[in-house]
Amino acid sequence: MRTWRGRFAAHRLPALSDRKRSGRPPRFTPLQTAQVKALACQLPPESGTPPARWSAPELAREVVARHIAPTISASTVRRWLKQEAVKPWQQQSWIFITDPAFRPKAERVLDLYARTWGGLPLGVDEYVISADEKTSVQARCRCHPTLAPGQARVMRVNHTYGRGGALAYLAAYDVHRAKVFGRCEPTTGIDPFMKLVAQVMSQEPYASAKRLGRGQRLLPPR
């Protein structure tokens, strides 16, 4: 208080304002910082931008395009978002299981992966093939609106699959020998799947195997 009283007595009211401080002055205002954080909590499609989710460089480019700041680096954007635990480049997606018999079906598959069937271990001439259509190449349709990222919360996407004219890629994977077989088909169904089965069964050691497990069941002995 003695210091402030002395400054006021010597120079009156102007002496009570903040004096110049050492170091580089701030380049961005608190308003600009808040605008950048608010932008990171919006979904890119709401801004008319093509990315499905923000990255720090894309946010920096969008900040300049919106004239929020004349220039800004991706590291600055990342540092600001880290302060609020906002990570728009991460997302969480899921598909709900609707099959009431999922547990017993999954148990049979997991037993085969562990090389057991009916409580007994598989023999050296018995093989397990995991075969299915690779659905990840299909278009993903949103079941509900995507939830934008927020503080300590990643973007959440609830989706289902829709073909949308995409080719079907069918693959068979030898679970214990790490060998993959694949083929493309214009559509799905039993016929394309049986073509994949014939492709695998025409090769050794599967053609002369004692038993071959695929899908959710073990084929009977030859």
# chains A, B, ... in the order shown; residues from 1 in each chain; ligands from 1
$ residues_around --residues "Thr188 in chain A" --least-positions-apart "6" --cutoff "9 Å" --atoms "only C-alpha atoms" --output "ChimeraX atom specification"
/A:133,167-170
$ write_last_selection --atoms "N, CA and C atoms" --output "CSV table (one decimal), in the first residue's frame"
chain,number,residue,atom,x,y,z
A,133,GLU,N,-17.5,-61.4,-44.4
A,133,GLU,CA,-17.4,-60.2,-45.2
A,133,GLU,C,-16.8,-59.1,-44.4
A,167,LEU,N,-18.4,-52.5,-53.3
A,167,LEU,CA,-18.1,-53.9,-53.5
A,167,LEU,C,-18.0,-54.7,-52.2
A,168,ALA,N,-18.2,-56.0,-52.2
A,168,ALA,CA,-18.1,-56.8,-51.0
A,168,ALA,C,-16.7,-57.5,-51.0
A,169,TYR,N,-16.0,-57.3,-50.0
A,169,TYR,CA,-14.7,-58.0,-49.8
A,169,TYR,C,-14.9,-59.1,-48.8
A,170,LEU,N,-14.7,-60.4,-49.2
A,170,LEU,CA,-14.8,-61.5,-48.4
A,170,LEU,C,-13.4,-62.1,-48.1
$ residues_around --residues "Pro44 in chain A" --least-positions-apart "5" --cutoff "12 Å" --atoms "only C-alpha atoms" --output "PDB file with N, CA, C and O atoms, in the first residue's frame"
ATOM      1  N   ALA A  38     -14.301 -22.909 -28.824  1.00  0.00           N
ATOM      2  CA  ALA A  38     -15.696 -23.151 -29.215  1.00  0.00           C
ATOM      3  C   ALA A  38     -15.762 -23.830 -30.575  1.00  0.00           C
ATOM      4  O   ALA A  38     -16.598 -24.717 -30.802  1.00  0.00           O
ATOM      5  N   LEU A  39     -14.884 -23.442 -31.501  1.00  0.00           N
ATOM      6  CA  LEU A  39     -14.850 -24.064 -32.820  1.00  0.00           C
ATOM      7  C   LEU A  39     -14.485 -25.536 -32.725  1.00  0.00           C
ATOM      8  O   LEU A  39     -15.034 -26.373 -33.447  1.00  0.00           O
ATOM      9  N   THR A  49     -17.028 -27.767 -43.603  1.00  0.00           N
ATOM     10  CA  THR A  49     -15.688 -28.257 -43.929  1.00  0.00           C
ATOM     11  C   THR A  49     -15.752 -29.766 -44.158  1.00  0.00           C
ATOM     12  O   THR A  49     -16.568 -30.463 -43.555  1.00  0.00           O
ATOM     13  N   PRO A  50     -14.884 -30.310 -45.017  1.00  0.00           N
ATOM     14  CA  PRO A  50     -14.966 -31.730 -45.360  1.00  0.00           C
ATOM     15  C   PRO A  50     -14.504 -32.717 -44.302  1.00  0.00           C
ATOM     16  O   PRO A  50     -14.950 -33.854 -44.328  1.00  0.00           O
ATOM     17  N   PRO A  51     -13.583 -32.380 -43.362  1.00  0.00           N
ATOM     18  CA  PRO A  51     -13.116 -33.431 -42.440  1.00  0.00           C
ATOM     19  C   PRO A  51     -14.238 -33.996 -41.593  1.00  0.00           C
ATOM     20  O   PRO A  51     -15.186 -33.296 -41.216  1.00  0.00           O
ATOM     21  N   ALA A  52     -14.141 -35.285 -41.282  1.00  0.00           N
ATOM     22  CA  ALA A  52     -15.112 -35.910 -40.390  1.00  0.00           C
ATOM     23  C   ALA A  52     -14.857 -35.521 -38.943  1.00  0.00           C
ATOM     24  O   ALA A  52     -15.771 -35.523 -38.124  1.00  0.00           O
ATOM     25  N   ARG A  53     -13.610 -35.181 -38.625  1.00  0.00           N
ATOM     26  CA  ARG A  53     -13.274 -34.740 -37.270  1.00  0.00           C
ATOM     27  C   ARG A  53     -12.079 -33.806 -37.359  1.00  0.00           C
ATOM     28  O   ARG A  53     -11.255 -33.914 -38.258  1.00  0.00           O
ATOM     29  N   TRP A  54     -11.989 -32.922 -36.409  1.00  0.00           N
ATOM     30  CA  TRP A  54     -10.950 -31.906 -36.435  1.00  0.00           C
ATOM     31  C   TRP A  54      -9.597 -32.482 -36.062  1.00  0.00           C
ATOM     32  O   TRP A  54      -9.493 -33.360 -35.222  1.00  0.00           O
ATOM     33  N   SER A  55      -8.574 -31.939 -36.659  1.00  0.00           N
ATOM     34  CA  SER A  55      -7.201 -32.109 -36.196  1.00  0.00           C
ATOM     35  C   SER A  55      -6.676 -30.717 -35.871  1.00  0.00           C
ATOM     36  O   SER A  55      -7.266 -29.709 -36.270  1.00  0.00           O
ATOM     37  N   GLU A  58      -5.979 -28.674 -39.064  1.00  0.00           N
ATOM     38  CA  GLU A  58      -7.214 -28.263 -39.732  1.00  0.00           C
ATOM     39  C   GLU A  58      -7.920 -27.158 -38.958  1.00  0.00           C
ATOM     40  O   GLU A  58      -8.490 -26.233 -39.544  1.00  0.00           O
ATOM     41  N   LEU A  59      -7.883 -27.237 -37.629  1.00  0.00           N
ATOM     42  CA  LEU A  59      -8.463 -26.166 -36.818  1.00  0.00           C
ATOM     43  C   LEU A  59      -7.711 -24.858 -37.027  1.00  0.00           C
ATOM     44  O   LEU A  59      -8.320 -23.789 -37.123  1.00  0.00           O
ATOM     45  N   GLU A  62      -8.794 -23.388 -40.266  1.00  0.00           N
ATOM     46  CA  GLU A  62     -10.151 -22.863 -40.186  1.00  0.00           C
ATOM     47  C   GLU A  62     -10.202 -21.561 -39.401  1.00  0.00           C
ATOM     48  O   GLU A  62     -10.991 -20.655 -39.716  1.00  0.00           O
ATOM     49  N   PRO A  88     -10.704 -33.075 -30.139  1.00  0.00           N
ATOM     50  CA  PRO A  88     -11.659 -33.328 -31.237  1.00  0.00           C
ATOM     51  C   PRO A  88     -11.164 -34.336 -32.250  1.00  0.00           C
ATOM     52  O   PRO A  88     -11.944 -34.811 -33.074  1.00  0.00           O
ATOM     53  N   TRP A  89      -9.868 -34.660 -32.265  1.00  0.00           N
ATOM     54  CA  TRP A  89      -9.350 -35.642 -33.215  1.00  0.00           C
ATOM     55  C   TRP A  89      -9.599 -37.071 -32.757  1.00  0.00           C
ATOM     56  O   TRP A  89      -9.297 -38.008 -33.481  1.00  0.00           O
ATOM     57  N   THR A 146     -24.428 -37.213 -34.563  1.00  0.00           N
ATOM     58  CA  THR A 146     -23.122 -37.309 -33.925  1.00  0.00           C
ATOM     59  C   THR A 146     -23.000 -36.273 -32.817  1.00  0.00           C
ATOM     60  O   THR A 146     -23.375 -35.115 -32.993  1.00  0.00           O
ATOM     61  N   LEU A 147     -22.483 -36.708 -31.667  1.00  0.00           N
ATOM     62  CA  LEU A 147     -22.307 -35.817 -30.526  1.00  0.00           C
ATOM     63  C   LEU A 147     -20.933 -35.167 -30.604  1.00  0.00           C
ATOM     64  O   LEU A 147     -19.919 -35.864 -30.680  1.00  0.00           O
ATOM     65  N   ALA A 148     -20.901 -33.855 -30.638  1.00  0.00           N
ATOM     66  CA  ALA A 148     -19.649 -33.124 -30.792  1.00  0.00           C
ATOM     67  C   ALA A 148     -18.751 -33.316 -29.575  1.00  0.00           C
ATOM     68  O   ALA A 148     -19.226 -33.621 -28.477  1.00  0.00           O
ATOM     69  N   PRO A 149     -17.433 -33.159 -29.747  1.00  0.00           N
ATOM     70  CA  PRO A 149     -16.528 -33.287 -28.600  1.00  0.00           C
ATOM     71  C   PRO A 149     -16.710 -32.139 -27.631  1.00  0.00           C
ATOM     72  O   PRO A 149     -17.191 -31.060 -27.994  1.00  0.00           O
ATOM     73  N   MET A 155     -15.589 -37.184 -29.439  1.00  0.00           N
ATOM     74  CA  MET A 155     -16.751 -37.211 -30.308  1.00  0.00           C
ATOM     75  C   MET A 155     -17.354 -38.612 -30.320  1.00  0.00           C
ATOM     76  O   MET A 155     -16.639 -39.609 -30.381  1.00  0.00           O
TER      77      MET A 155
END
$ select_by_dssp --residues "range 8-204 of chain A" --states "strand (DSSP E)" --output "MDAnalysis selection string"
chainID A and resid 91:94 116:117 120:121 126:133 139:142 155:162 168:174 179:185
$ write_last_selection --atoms "C-alpha atoms" --output "CSV table (one decimal), in the first residue's frame"
chain,number,residue,atom,x,y,z
A,91,GLN,CA,-13.9,-40.3,-31.4
A,92,GLN,CA,-15.7,-43.2,-29.9
A,93,SER,CA,-18.0,-45.3,-32.1
A,94,TRP,CA,-20.0,-48.4,-31.4
A,116,THR,CA,-10.9,-76.4,-28.2
A,117,TRP,CA,-14.3,-77.8,-29.2
A,120,LEU,CA,-11.5,-81.2,-26.1
A,121,PRO,CA,-8.4,-79.8,-27.7
A,126,GLU,CA,-7.7,-79.7,-37.5
A,127,TYR,CA,-7.8,-76.1,-38.6
A,128,VAL,CA,-9.9,-73.0,-37.7
A,129,ILE,CA,-10.9,-70.6,-40.4
A,130,SER,CA,-12.5,-67.3,-39.6
A,131,ALA,CA,-14.4,-66.2,-42.7
A,132,ASP,CA,-16.7,-63.3,-43.2
A,133,GLU,CA,-17.4,-60.2,-45.2
A,139,ALA,CA,-20.6,-46.9,-45.8
A,140,ARG,CA,-21.4,-46.1,-42.2
A,141,CYS,CA,-24.9,-44.6,-41.7
A,142,ARG,CA,-25.5,-42.7,-38.6
A,155,MET,CA,-16.8,-37.2,-30.3
A,156,ARG,CA,-19.4,-40.0,-30.2
A,157,VAL,CA,-20.7,-41.7,-33.3
A,158,ASN,CA,-23.5,-44.3,-33.2
A,159,HIS,CA,-23.6,-46.0,-36.6
A,160,THR,CA,-24.9,-48.9,-38.6
A,161,TYR,CA,-23.8,-50.4,-42.0
A,162,GLY,CA,-25.3,-49.6,-45.4
A,168,ALA,CA,-18.1,-56.8,-51.0
A,169,TYR,CA,-14.7,-58.0,-49.8
A,170,LEU,CA,-14.8,-61.5,-48.4
A,171,ALA,CA,-11.9,-62.8,-46.4
A,172,ALA,CA,-10.9,-66.1,-44.7
A,173,TYR,CA,-8.3,-66.1,-42.0
A,174,ASP,CA,-6.5,-69.2,-40.7
A,179,LYS,CA,-2.8,-67.0,-43.4
A,180,VAL,CA,-5.4,-64.8,-45.2
A,181,PHE,CA,-7.5,-65.6,-48.3
A,182,GLY,CA,-9.6,-62.9,-49.9
A,183,ARG,CA,-11.8,-62.1,-52.9
A,184,CYS,CA,-14.1,-59.3,-54.1
A,185,GLU,CA,-17.7,-59.8,-55.1
$ atom_distance --atom1 "CA of Ile95 in chain A" --atom2 "CA of Leu196 in chain A"
26.5 Å
$ closest_residue --among "A:Lys37, A:Arg27, A:Ala10, A:Cys143" --to "Gln83 in chain A" --atoms "only C-alpha atoms"
A:Lys37
$ select_by_dssp --residues "range 52-211 of chain A" --states "alpha helix (DSSP H)" --output "count of residues only"
44
$ residues_around --residues "Thr71 in chain A" --least-positions-apart "3" --cutoff "10 Å" --atoms "only C-alpha atoms" --output "PyMOL selection string"
chain A and resi 27-28+60-61+63-65+67-68
$ write_last_selection --atoms "C-alpha atoms" --output "mmCIF file, in the first residue's frame"
data_model
loop_
_atom_site.group_PDB
_atom_site.id
_atom_site.type_symbol
_atom_site.label_atom_id
_atom_site.label_comp_id
_atom_site.auth_asym_id
_atom_site.auth_seq_id
_atom_site.Cartn_x
_atom_site.Cartn_y
_atom_site.Cartn_z
ATOM 1 C CA ARG A 27 -0.411 -12.335 -29.497
ATOM 2 C CA PHE A 28 -3.984 -13.481 -28.959
ATOM 3 C CA ALA A 60 -5.596 -23.723 -37.321
ATOM 4 C CA ARG A 61 -6.479 -23.350 -41.020
ATOM 5 C CA VAL A 63 -9.307 -20.186 -37.602
ATOM 6 C CA VAL A 64 -7.420 -18.205 -40.252
ATOM 7 C CA ALA A 65 -10.172 -18.774 -42.847
ATOM 8 C CA HIS A 67 -10.560 -14.379 -39.670
ATOM 9 C CA ILE A 68 -10.546 -15.214 -35.981
#
$ residues_around --residues "Asp125 in chain A" --least-positions-apart "4" --cutoff "8 Å" --atoms "only C-alpha atoms" --output "JSON, numbers by chain"
{"A": [209, 210, 211]}
$ closest_residue --among "A:Ala198, A:Leu43, A:Val175, A:Leu13" --to "Val154 in chain A" --atoms "only C-alpha atoms"
A:Leu43
$ closest_residue --among "A:Pro30, A:Pro25, A:Gly150, A:Pro45" --to "Val86 in chain A" --atoms "only C-alpha atoms"
A:Gly150
$ atom_distance --atom1 "CA of Ala40 in chain A" --atom2 "CA of Gln151 in chain A"
10.2 Å
$ decode --residues "range 75-98 of chain A" --atoms "N, CA, C and O atoms" --output "CSV table (one decimal), in the first residue's frame"
chain,number,residue,atom,x,y,z
A,75,SER,N,0.4,-26.0,-33.0
A,75,SER,CA,0.9,-26.3,-31.7
A,75,SER,C,0.2,-25.4,-30.7
A,75,SER,O,-0.1,-25.8,-29.6
A,76,THR,N,-0.1,-24.1,-31.1
A,76,THR,CA,-0.8,-23.2,-30.2
A,76,THR,C,-2.3,-23.7,-30.0
A,76,THR,O,-2.8,-23.7,-28.9
A,77,VAL,N,-2.9,-24.2,-31.1
A,77,VAL,CA,-4.3,-24.7,-30.9
A,77,VAL,C,-4.3,-25.9,-30.0
A,77,VAL,O,-5.1,-26.1,-29.1
A,78,ARG,N,-3.3,-26.8,-30.2
A,78,ARG,CA,-3.2,-28.0,-29.4
A,78,ARG,C,-3.0,-27.7,-27.9
A,78,ARG,O,-3.6,-28.3,-27.1
A,79,ARG,N,-2.2,-26.7,-27.7
A,79,ARG,CA,-1.9,-26.3,-26.3
A,79,ARG,C,-3.2,-25.7,-25.6
A,79,ARG,O,-3.5,-26.0,-24.4
A,80,TRP,N,-3.9,-24.9,-26.3
A,80,TRP,CA,-5.2,-24.3,-25.8
A,80,TRP,C,-6.2,-25.4,-25.5
A,80,TRP,O,-6.8,-25.4,-24.4
A,81,LEU,N,-6.3,-26.4,-26.4
A,81,LEU,CA,-7.3,-27.4,-26.2
A,81,LEU,C,-6.9,-28.4,-25.1
A,81,LEU,O,-7.7,-28.9,-24.4
A,82,LYS,N,-5.6,-28.5,-24.9
A,82,LYS,CA,-5.1,-29.4,-23.8
A,82,LYS,C,-5.5,-28.8,-22.4
A,82,LYS,O,-5.8,-29.5,-21.5
A,83,GLN,N,-5.5,-27.5,-22.4
A,83,GLN,CA,-5.9,-26.8,-21.1
A,83,GLN,C,-7.4,-27.2,-20.7
A,83,GLN,O,-7.7,-27.2,-19.5
A,84,GLU,N,-8.2,-27.4,-21.7
A,84,GLU,CA,-9.6,-27.7,-21.4
A,84,GLU,C,-9.9,-29.2,-21.6
A,84,GLU,O,-11.1,-29.6,-21.6
A,85,ALA,N,-8.9,-30.0,-21.8
A,85,ALA,CA,-9.1,-31.5,-22.0
A,85,ALA,C,-10.0,-31.8,-23.2
A,85,ALA,O,-10.8,-32.7,-23.2
A,86,VAL,N,-9.9,-31.0,-24.3
A,86,VAL,CA,-10.7,-31.2,-25.5
A,86,VAL,C,-9.8,-31.8,-26.5
A,86,VAL,O,-8.7,-31.3,-26.9
A,87,LYS,N,-10.3,-33.0,-27.1
A,87,LYS,CA,-9.5,-33.7,-28.1
A,87,LYS,C,-10.4,-34.0,-29.3
A,87,LYS,O,-10.9,-35.2,-29.4
A,88,PRO,N,-10.7,-33.1,-30.1
A,88,PRO,CA,-11.7,-33.3,-31.2
A,88,PRO,C,-11.2,-34.3,-32.3
A,88,PRO,O,-11.9,-34.8,-33.1
A,89,TRP,N,-9.9,-34.7,-32.3
A,89,TRP,CA,-9.4,-35.6,-33.2
A,89,TRP,C,-9.6,-37.1,-32.8
A,89,TRP,O,-9.3,-38.0,-33.5
A,90,GLN,N,-10.1,-37.3,-31.6
A,90,GLN,CA,-10.5,-38.6,-31.1
A,90,GLN,C,-12.0,-38.8,-31.2
A,90,GLN,O,-12.8,-37.8,-31.1
A,91,GLN,N,-12.4,-40.0,-31.4
A,91,GLN,CA,-13.9,-40.3,-31.4
A,91,GLN,C,-14.1,-41.7,-30.9
A,91,GLN,O,-13.2,-42.5,-30.9
A,92,GLN,N,-15.3,-41.9,-30.4
A,92,GLN,CA,-15.7,-43.2,-29.9
A,92,GLN,C,-17.0,-43.6,-30.7
A,92,GLN,O,-18.0,-42.9,-30.8
A,93,SER,N,-16.9,-44.8,-31.3
A,93,SER,CA,-18.0,-45.3,-32.1
A,93,SER,C,-18.4,-46.7,-31.6
A,93,SER,O,-17.5,-47.4,-31.1
A,94,TRP,N,-19.6,-47.1,-31.9
A,94,TRP,CA,-20.0,-48.4,-31.4
A,94,TRP,C,-21.2,-48.9,-32.2
A,94,TRP,O,-21.9,-48.1,-32.8
A,95,ILE,N,-21.5,-50.2,-32.1
A,95,ILE,CA,-22.7,-50.8,-32.6
A,95,ILE,C,-23.3,-51.6,-31.5
A,95,ILE,O,-22.6,-52.5,-31.0
A,96,PHE,N,-24.6,-51.4,-31.2
A,96,PHE,CA,-25.2,-52.2,-30.1
A,96,PHE,C,-25.5,-53.6,-30.6
A,96,PHE,O,-25.9,-53.8,-31.8
A,97,ILE,N,-25.3,-54.6,-29.8
A,97,ILE,CA,-25.6,-56.0,-30.1
A,97,ILE,C,-27.0,-56.2,-29.9
A,97,ILE,O,-27.6,-56.0,-28.8
A,98,THR,N,-27.7,-56.7,-30.9
A,98,THR,CA,-29.2,-56.9,-30.8
A,98,THR,C,-29.6,-58.4,-30.8
A,98,THR,O,-30.7,-58.8,-30.6
